[in-house]
file model-v3.txt (compact mmCIF, C-alpha atoms)
# COMPACT_ATOMS: atom_id res chain seq x y z
CA MET A 1 40.83 152.63 202.44
CA ASN A 2 43.39 153.68 199.85
CA VAL A 3 41.18 155.87 197.62
CA HIS A 4 42.52 157.53 194.46
CA LEU A 5 40.96 160.03 192.07
CA LEU A 6 41.99 159.90 188.39
CA ILE A 7 41.07 163.00 186.36
CA ILE A 8 41.70 162.66 182.63
CA ASP A 9 42.67 165.71 180.54
CA PRO A 10 40.73 168.41 182.46
CA GLN A 11 42.30 171.14 180.34
CA ASN A 12 41.01 174.44 179.00
CA ASP A 13 41.06 173.41 175.35
CA PHE A 14 38.50 170.68 176.11
CA MET A 15 36.25 173.01 178.10
CA ASP A 16 33.15 174.65 176.61
CA ILE A 17 34.43 178.11 177.57
CA LEU A 18 32.77 180.86 175.57
CA ALA A 19 35.02 183.58 174.19
CA LYS A 20 34.58 187.01 175.68
CA GLU A 21 35.18 190.23 173.76
CA GLY A 22 38.89 190.51 173.04
CA ASP A 23 39.59 186.79 173.60
CA PRO A 24 41.28 184.77 170.87
CA ILE A 25 38.78 182.45 169.16
CA GLY A 26 39.58 178.78 169.43
CA MET A 27 36.49 177.41 167.69
CA GLU A 28 33.44 178.96 166.09
CA LEU A 29 30.31 176.92 165.43
CA PRO A 30 28.14 177.35 162.31
CA ASP A 31 25.54 179.17 164.44
CA GLY A 32 28.13 181.81 165.35
CA THR A 33 28.90 180.57 168.88
CA LYS A 34 32.53 181.39 169.65
CA PHE A 35 34.66 179.42 172.09
CA ARG A 36 37.98 180.38 173.64
CA SER A 37 38.90 176.68 173.61
CA THR A 38 39.90 174.88 170.42
CA LEU A 39 38.20 171.53 171.02
CA PRO A 40 35.31 172.19 173.45
CA VAL A 41 33.27 169.29 174.81
CA PRO A 42 29.68 170.31 175.65
CA GLY A 43 29.18 170.08 179.40
CA ALA A 44 32.87 169.93 180.27
CA VAL A 45 33.00 173.03 182.49
CA GLU A 46 30.09 171.80 184.61
CA ASP A 47 31.76 168.38 184.79
CA MET A 48 34.89 169.96 186.25
CA LYS A 49 32.91 172.03 188.72
CA ARG A 50 31.38 168.80 190.02
CA VAL A 51 34.83 167.23 190.32
CA ALA A 52 36.00 170.30 192.25
CA GLN A 53 33.02 169.97 194.59
CA LEU A 54 33.82 166.30 195.07
CA ILE A 55 37.41 167.11 196.05
CA ASP A 56 36.21 169.72 198.52
CA ARG A 57 33.78 167.19 200.02
CA VAL A 58 35.92 164.05 200.25
CA GLY A 59 39.46 165.38 199.86
CA HIS A 60 40.43 164.17 203.34
CA LYS A 61 39.60 160.61 202.20
CA LEU A 62 41.77 160.76 199.05
CA ALA A 63 45.20 159.21 199.31
CA ASP A 64 46.20 160.45 195.85
CA ILE A 65 44.92 162.49 192.92
CA HIS A 66 46.24 161.78 189.42
CA VAL A 67 45.70 164.28 186.59
CA THR A 68 46.56 163.30 183.03
CA MET A 69 47.60 166.14 180.74
CA ASP A 70 47.30 166.08 176.95
CA SER A 71 50.60 167.77 176.03
CA HIS A 72 50.98 168.38 172.31
CA ARG A 73 53.33 170.22 170.00
CA LEU A 74 52.03 172.20 167.04
CA LEU A 75 53.88 169.80 164.71
CA ASP A 76 51.87 166.63 165.24
CA VAL A 77 50.63 163.89 162.93
CA ALA A 78 47.05 164.72 163.96
CA HIS A 79 47.31 168.50 163.41
CA PRO A 80 46.67 170.27 160.07
CA VAL A 81 50.20 171.70 159.72
CA TRP A 82 51.61 168.18 159.30
CA TRP A 83 49.75 167.63 156.00
CA VAL A 84 49.40 169.24 152.57
CA ASN A 85 47.55 168.39 149.37
CA GLU A 86 48.71 168.93 145.80
CA ASN A 87 47.90 172.63 146.17
CA ASN A 88 50.04 172.88 149.30
CA GLU A 89 46.89 173.41 151.41
CA ASN A 90 46.48 172.01 154.91
CA PRO A 91 43.45 169.83 155.71
CA ASN A 92 40.56 171.26 157.65
CA PRO A 93 40.09 170.08 161.22
CA PHE A 94 38.13 166.83 161.52
CA THR A 95 39.37 165.57 158.14
CA ILE A 96 39.85 161.79 158.19
CA ILE A 97 43.03 160.69 156.40
CA THR A 98 43.20 157.07 155.27
CA VAL A 99 46.03 154.89 154.02
CA ASP A 100 44.57 155.22 150.50
CA ASP A 101 44.61 159.01 150.81
CA ILE A 102 48.33 158.94 151.59
CA GLU A 103 49.26 156.37 148.95
CA ASN A 104 47.27 158.25 146.29
CA GLY A 105 48.80 161.60 147.19
CA ILE A 106 45.54 163.20 148.31
CA TRP A 107 47.30 164.09 151.55
CA LYS A 108 51.03 163.86 152.21
CA PRO A 109 53.32 164.91 155.05
CA ARG A 110 54.66 168.40 154.55
CA ASN A 111 58.14 167.02 155.25
CA PRO A 112 58.83 164.38 152.57
CA ASN A 113 61.26 162.65 154.93
CA PHE A 114 58.28 161.70 157.12
CA TYR A 115 56.32 160.04 154.30
CA GLN A 116 57.15 156.38 154.98
CA ARG A 117 56.94 156.69 158.74
CA THR A 118 53.58 158.44 158.52
CA LEU A 119 52.25 155.89 156.02
CA ASP A 120 53.37 153.02 158.25
CA TYR A 121 51.64 154.69 161.19
CA ALA A 122 48.35 154.99 159.30
CA LYS A 123 48.61 151.35 158.27
CA GLU A 124 49.15 150.24 161.87
CA LEU A 125 46.14 152.28 163.00
CA GLU A 126 43.90 150.65 160.40
CA ALA A 127 45.28 147.15 160.99
CA GLY A 128 44.72 147.48 164.73
CA GLY A 129 41.14 148.68 164.39
CA LYS A 130 42.04 151.92 166.18
CA TYR A 131 40.40 155.29 165.71
CA PRO A 132 40.98 156.51 162.15
CA LEU A 133 43.61 159.21 161.70
CA CYS A 134 41.56 162.32 162.44
CA ILE A 135 42.98 165.81 162.02
CA TRP A 136 42.17 167.80 165.15
CA PRO A 137 42.39 171.53 165.72
CA PRO A 138 45.73 172.22 167.43
CA HIS A 139 44.95 171.75 171.11
CA CYS A 140 46.61 171.50 174.51
CA LEU A 141 49.81 172.96 173.07
CA ILE A 142 52.55 172.97 175.68
CA GLY A 143 52.95 176.41 177.22
CA THR A 144 49.57 177.78 176.14
CA TRP A 145 46.37 178.68 178.01
CA GLY A 146 44.67 175.67 176.45
CA HIS A 147 47.12 173.32 178.15
CA ASN A 148 46.19 174.56 181.63
CA VAL A 149 43.80 172.78 184.00
CA GLN A 150 40.30 174.30 184.13
CA LYS A 151 40.14 177.02 186.79
CA ASP A 152 37.53 175.62 189.22
CA LEU A 153 39.26 172.26 189.28
CA ASN A 154 42.73 173.77 189.52
CA ASP A 155 41.64 175.86 192.52
CA ALA A 156 40.32 172.72 194.21
CA LEU A 157 43.51 170.79 193.45
CA GLN A 158 45.73 173.51 194.90
CA LYS A 159 43.53 173.78 197.98
CA TRP A 160 43.65 170.00 198.47
CA SER A 161 47.41 169.92 198.06
CA GLY A 162 47.93 172.58 200.72
CA LYS A 163 45.33 171.27 203.16
CA GLU A 164 46.35 167.61 202.94
CA PHE A 165 50.07 168.33 202.43
CA ALA A 166 49.94 166.06 199.38
CA THR A 167 51.26 166.36 195.83
CA VAL A 168 48.99 166.11 192.82
CA ASP A 169 50.40 163.51 190.40
CA TYR A 170 50.43 165.02 186.89
CA VAL A 171 50.85 162.45 184.09
CA THR A 172 51.69 163.93 180.67
CA LYS A 173 51.02 162.30 177.33
CA GLY A 174 50.96 163.20 173.64
CA SER A 175 54.31 164.93 173.13
CA ASN A 176 55.59 162.47 170.52
CA PRO A 177 54.58 164.03 167.17
CA PHE A 178 54.48 160.72 165.28
CA THR A 179 51.66 159.01 167.18
CA GLU A 180 48.35 159.90 168.79
CA HIS A 181 48.04 159.32 172.52
CA TYR A 182 44.37 159.21 173.54
CA GLY A 183 44.81 156.85 176.48
CA ALA A 184 47.09 157.89 179.33
CA LEU A 185 48.78 154.50 179.62
CA MET A 186 50.15 154.13 176.09
CA ALA A 187 50.10 155.69 172.63
CA GLU A 188 47.83 154.42 169.86
CA VAL A 189 50.93 153.06 168.12
CA PRO A 190 53.92 152.98 170.51
CA ASP A 191 57.19 154.32 169.15
CA PRO A 192 59.94 151.74 169.90
CA ASN A 193 62.43 154.60 170.26
CA ASP A 194 60.32 156.50 172.80
CA PRO A 195 59.64 154.80 176.17
CA ASP A 196 57.02 157.46 176.99
CA THR A 197 54.73 155.98 174.33
CA ALA A 198 54.94 152.41 175.69
CA LEU A 199 52.69 150.96 178.38
CA ASN A 200 53.15 153.00 181.57
CA THR A 201 53.62 150.08 183.94
CA ASP A 202 54.66 152.31 186.85
CA PHE A 203 51.34 154.17 186.73
CA LEU A 204 49.47 150.89 186.33
CA GLU A 205 51.13 149.52 189.48
CA ILE A 206 50.12 152.61 191.46
CA LEU A 207 46.48 152.15 190.42
CA ALA A 208 46.67 148.43 191.22
CA GLU A 209 47.69 149.23 194.80
CA ALA A 210 44.60 151.41 195.37
CA ASP A 211 41.42 150.05 196.95
CA ILE A 212 39.12 152.41 195.04
CA VAL A 213 39.83 154.57 191.97
CA ALA A 214 37.27 157.18 190.93
CA ILE A 215 37.51 158.37 187.31
CA ALA A 216 36.46 161.68 185.74
CA GLY A 217 37.60 163.83 182.82
CA GLU A 218 37.23 164.63 179.14
CA ALA A 219 36.22 163.49 176.71
CA LEU A 220 34.25 160.42 177.73
CA SER A 221 34.16 159.13 174.15
CA HIS A 222 37.90 159.47 173.58
CA CYS A 223 40.59 159.99 176.21
CA VAL A 224 38.49 158.77 179.17
CA LYS A 225 37.32 155.73 177.23
CA GLU A 226 40.79 154.86 175.94
CA THR A 227 42.50 155.39 179.30
CA VAL A 228 40.03 153.22 181.19
CA GLN A 229 40.06 150.60 178.44
CA GLN A 230 43.86 150.44 178.62
CA ILE A 231 43.63 150.02 182.39
CA ALA A 232 41.01 147.27 182.06
CA ASP A 233 43.06 145.44 179.42
CA ASN A 234 46.30 145.49 181.41
CA ILE A 235 45.64 145.63 185.16
CA GLY A 236 44.17 142.18 185.71
CA ASP A 237 40.56 141.13 186.26
CA GLU A 238 40.95 141.03 190.04
CA HIS A 239 41.33 144.84 190.08
CA ILE A 240 38.41 145.79 187.81
CA LYS A 241 35.83 146.17 190.58
CA LYS A 242 37.81 148.91 192.32
CA PHE A 243 37.09 151.41 189.51
CA HIS A 244 34.19 153.87 189.84
CA ILE A 245 33.36 155.99 186.79
CA LEU A 246 31.83 159.34 187.81
CA VAL A 247 29.26 159.55 185.04
CA ASP A 248 28.28 163.16 185.76
CA CYS A 249 31.93 164.28 185.58
CA CYS A 250 32.73 163.34 181.98
CA SER A 251 31.01 164.15 178.69
CA PRO A 252 31.39 162.78 175.14
CA VAL A 253 32.36 164.52 171.94
CA PRO A 254 29.16 165.31 169.97
CA ALA A 255 28.08 163.09 167.11
CA VAL A 256 29.73 163.89 163.79
CA PRO A 257 27.27 164.54 160.90
CA SER A 258 27.46 161.51 158.61
CA GLY A 259 30.12 160.17 160.96
CA PRO A 260 30.52 158.42 164.31
CA ASP A 261 27.87 158.83 166.99
CA PHE A 262 30.30 159.43 169.84
CA PRO A 263 27.66 159.83 172.59
CA GLN A 264 26.18 156.43 171.72
CA ILE A 265 29.65 154.90 171.48
CA ALA A 266 30.38 156.24 174.96
CA GLN A 267 27.14 154.90 176.43
CA ASP A 268 27.69 151.45 174.91
CA TRP A 269 31.21 151.42 176.33
CA LEU A 270 30.02 152.43 179.81
CA LYS A 271 27.62 149.48 179.80
CA GLU A 272 30.49 147.22 178.77
CA MET A 273 32.64 148.47 181.67
CA GLU A 274 29.72 147.96 184.05
CA ARG A 275 29.38 144.37 182.85
CA LYS A 276 33.09 143.88 183.54
CA GLY A 277 32.52 144.94 187.14
CA MET A 278 33.17 148.68 187.24
CA THR A 279 30.75 150.92 189.12
CA LEU A 280 28.90 153.78 187.42
CA VAL A 281 28.08 156.46 189.96
CA ASN A 282 27.19 160.15 190.26
CA SER A 283 29.75 162.28 192.07
CA ALA A 284 27.29 163.25 194.82
CA ASP A 285 26.84 159.56 195.68
CA PHE A 286 30.55 158.67 195.77
CA LEU A 287 31.90 157.89 199.26
CA VAL A 288 28.72 158.93 201.06
call {"tool": "encode", "arguments": {"input": "model-v3.txt", "output": "structure tokens"}}
result
Amino acid sequence: MNVHLLIIDPQNDFMDILAKEGDPIGMELPDGTKFRSTLPVPGAVEDMKRVAQLIDRVGHKLADIHVTMDSHRLLDVAHPVWWVNENNENPNPFTIITVDDIENGIWKPRNPNFYQRTLDYAKELEAGGKYPLCIWPPHCLIGTWGHNVQKDLNDALQKWSGKEFATVDYVTKGSNPFTEHYGALMAEVPDPNDPDTALNTDFLEILAEADIVAIAGEALSHCVKETVQQIADNIGDEHIKKFHILVDCCSPVPAVPSGPDFPQIAQDWLKEMERKGMTLVNSADFLV
């Protein structure tokens, strides 16, 4: 059996890693909880520990391991520094910016030369029914601690690579500052001048050749959901049944007060994927 493991964005900035004394603070909750990571997903560290245990248990059965890496620049359409209001203030993280906001000058790109391109991008997002343009805390910045793979998982990956004499396949995404890139196979709005934002047909062909593909990663409600949805939409129905979602190795973004209920969105989507023919399974039950 040609078995692959696909791990989506298992990076420090998505881990619920508490800040120790002297650590830089990535995010602080209203209750005073301080995280080293900038966009922590509750449960993410334990998810990655379970993935690491899975690799240790069945690594000899894995033909390939793919790891997608959110790889952002500070200057990004979904980061605060891109935007200013009439007082030259940046938006707070988790601000939703609409087409109307841009056209009415509530928020505008800090660089006036980017105005039309950014407006067109927001219009394409809304027309396509995509996620709204959400301003995220700067995360997974190339070259930073937050970009690195979580330690327990990284240790397991390096051990697997040495033991099996195999190379981990790292797939980067998100470096184009003009478009968001939740799913690993293509950007939310592909840039016609940047092939890296178009559908990654090479990666799709590799997955199509596998007999089984197990899927884990963060966050279930966003990058996992979008990556798997892109696979399902483009790989062909005959391949759908080969995908196994490790439900105890991926967690959703918490519900937003007066906003989207991401955990419920994730659960509804999992049921949809199961109806399509994908298998939902706990990591301890995979390949037993």
call {"tool": "atom_distance", "arguments": {"input": "model-v3.txt", "atom1": "atom CA of Leu141 of chain A", "atom2": "atom CA of His72 of chain A"}}
result
4.8 Å
call {"tool": "closest_atom_pairs", "arguments": {"input": "model-v3.txt", "of": "segment 170-283 of chain A", "to": "segment 32-50 of chain A", "cutoff": "10 Å", "atoms": "only C-alpha atoms", "output": "CSV"}}
result
residue,atom,partner,partner_atom,distance
A:Ala216,CA,A:Asp47,CA,8.2
A:Gly217,CA,A:Met48,CA,7.5
A:Glu218,CA,A:Ala44,CA,7.0
A:Ala219,CA,A:Val41,CA,6.8
A:Leu220,CA,A:Val41,CA,9.4
A:Leu246,CA,A:Asp47,CA,9.5
A:Val247,CA,A:Asp47,CA,9.2
A:Asp248,CA,A:Asp47,CA,6.3
A:Cys249,CA,A:Asp47,CA,4.2
A:Cys250,CA,A:Asp47,CA,5.9
A:Ser251,CA,A:Gly43,CA,6.2
A:Pro252,CA,A:Val41,CA,6.8
A:Val253,CA,A:Val41,CA,5.6
A:Pro254,CA,A:Val41,CA,7.5
A:Asn282,CA,A:Arg50,CA,9.6
A:Ser283,CA,A:Arg50,CA,7.0
call {"tool": "closest_residue", "arguments": {"input": "model-v3.txt", "among": "A:Glu226, A:Glu89, A:Asp237, A:Glu209", "to": "Trp269 of chain A", "atoms": "all atoms listed in the file"}}
result
A:Glu226
call {"tool": "closest_residue", "arguments": {"input": "model-v3.txt", "among": "A:Val3, A:Ile240, A:Ala255, A:Ala78", "to": "Val58 of chain A", "atoms": "all atoms listed in the file"}}
result
A:Val3
call {"tool": "residues_around", "arguments": {"input": "model-v3.txt", "residues": "Pro192 of chain A", "least_positions_apart": "4", "cutoff": "12 Å", "atoms": "all atoms listed in the file", "output": "list in words"}}
result
Asn176, Phe178, Thr179, Met186, Ala187, Asp196, Thr197, Ala198 and Leu199 of chain A
call {"tool": "write_last_selection", "arguments": {"input": "model-v3.txt", "atoms": "C-alpha atoms", "output": "PDB file, in the frame of the given file"}}
result
ATOM      1  CA  ASN A 176      55.590 162.470 170.520  1.00  0.00           C
ATOM      2  CA  PHE A 178      54.480 160.720 165.280  1.00  0.00           C
ATOM      3  CA  THR A 179      51.660 159.010 167.180  1.00  0.00           C
ATOM      4  CA  MET A 186      50.150 154.130 176.090  1.00  0.00           C
ATOM      5  CA  ALA A 187      50.100 155.690 172.630  1.00  0.00           C
ATOM      6  CA  ASP A 196      57.020 157.460 176.990  1.00  0.00           C
ATOM      7  CA  THR A 197      54.730 155.980 174.330  1.00  0.00           C
ATOM      8  CA  ALA A 198      54.940 152.410 175.690  1.00  0.00           C
ATOM      9  CA  LEU A 199      52.690 150.960 178.380  1.00  0.00           C
TER      10      LEU A 199
END
call {"tool": "axis_aligned_box", "arguments": {"input": "model-v3.txt", "around": "segment 192-199 of chain A", "padding_each_side": "3 Å", "output": "lines of an AutoDock Vina configuration file"}}
result
center_x = 57.6
center_y = 154.2
center_z = 174.1
size_x = 15.7
size_y = 12.5
size_z = 14.5
call {"tool": "atom_distance", "arguments": {"input": "model-v3.txt", "atom1": "atom CA of Tyr131 of chain A", "atom2": "atom CA of Glu188 of chain A"}}
result
8.6 Å
call {"tool": "residues_around", "arguments": {"input": "model-v3.txt", "residues": "His4 of chain A", "least_positions_apart": "2", "cutoff": "9 Å", "atoms": "all atoms listed in the file", "output": "list in words"}}
result
Asn2, Leu6, Lys61, Leu62, Ala63, Asp64, Ile65, His66, Leu207, Ala210, Asp211, Ile212, Val213, Ala214 and Ile215 of chain A
call {"tool": "decode", "arguments": {"input": "model-v3.txt", "residues": "segment 113-182 of chain A", "atoms": "C-alpha atoms", "output": "compact mmCIF listing (two decimals), in the first residue's frame"}}
result
# COMPACT_ATOMS: atom_id res chain seq x y z
CA ASN A 113 -0.65 52.41 -5.29
CA PHE A 114 -2.22 49.20 -3.96
CA TYR A 115 -5.73 50.66 -3.64
CA GLN A 116 -7.31 49.33 -6.85
CA ARG A 117 -5.64 45.94 -6.64
CA THR A 118 -6.73 45.51 -3.03
CA LEU A 119 -10.28 46.65 -3.79
CA ASP A 120 -10.49 44.21 -6.71
CA TYR A 121 -9.26 41.45 -4.43
CA ALA A 122 -11.94 42.16 -1.83
CA LYS A 123 -14.58 42.19 -4.56
CA GLU A 124 -13.44 38.81 -5.87
CA LEU A 125 -13.54 37.36 -2.35
CA GLU A 126 -17.10 38.53 -1.83
CA ALA A 127 -18.26 37.50 -5.31
CA GLY A 128 -16.83 34.02 -4.84
CA GLY A 129 -18.45 33.49 -1.45
CA LYS A 130 -15.02 33.04 0.14
CA TYR A 131 -14.06 33.84 3.71
CA PRO A 132 -14.40 37.58 4.31
CA LEU A 133 -11.18 39.58 4.40
CA CYS A 134 -10.14 39.09 8.02
CA ILE A 135 -7.15 40.88 9.51
CA TRP A 136 -5.05 38.32 11.36
CA PRO A 137 -2.24 38.88 13.84
CA PRO A 138 1.04 38.61 11.91
CA HIS A 139 1.80 34.90 11.97
CA CYS A 140 4.11 32.29 10.49
CA LEU A 141 6.48 35.04 9.33
CA ILE A 142 9.32 33.57 7.31
CA GLY A 143 12.46 33.24 9.41
CA THR A 144 10.76 33.49 12.80
CA TRP A 145 10.12 30.99 15.61
CA GLY A 146 6.42 31.04 14.73
CA HIS A 147 7.16 29.66 11.27
CA ASN A 148 8.85 26.54 12.66
CA VAL A 149 7.19 23.13 12.98
CA GLN A 150 6.01 22.28 16.51
CA LYS A 151 8.81 20.56 18.45
CA ASP A 152 7.28 17.12 19.19
CA LEU A 153 6.21 16.73 15.58
CA ASN A 154 9.49 18.05 14.21
CA ASP A 155 11.42 15.54 16.33
CA ALA A 156 9.26 12.73 14.96
CA LEU A 157 9.70 13.94 11.38
CA GLN A 158 13.48 14.09 11.69
CA LYS A 159 13.57 10.65 13.30
CA TRP A 160 11.39 9.23 10.51
CA SER A 161 13.55 10.81 7.83
CA GLY A 162 16.73 9.29 9.24
CA LYS A 163 15.27 5.88 10.04
CA GLU A 164 13.43 5.42 6.73
CA PHE A 165 16.04 7.28 4.65
CA ALA A 166 13.20 9.40 3.26
CA THR A 167 12.72 13.12 2.68
CA VAL A 168 9.86 15.04 4.23
CA ASP A 169 8.03 16.98 1.50
CA TYR A 170 7.55 20.57 2.69
CA VAL A 171 4.97 22.55 0.68
CA THR A 172 5.01 26.33 1.28
CA LYS A 173 2.11 28.69 0.74
CA GLY A 174 1.10 32.25 1.57
CA SER A 175 4.13 34.28 0.46
CA ASN A 176 2.24 36.40 -2.07
CA PRO A 177 1.20 39.52 -0.12
CA PHE A 178 -1.81 40.30 -2.32
CA THR A 179 -3.91 37.20 -1.63
CA GLU A 180 -4.74 34.90 1.26
CA HIS A 181 -3.74 31.26 0.91
CA TYR A 182 -5.70 29.11 3.37
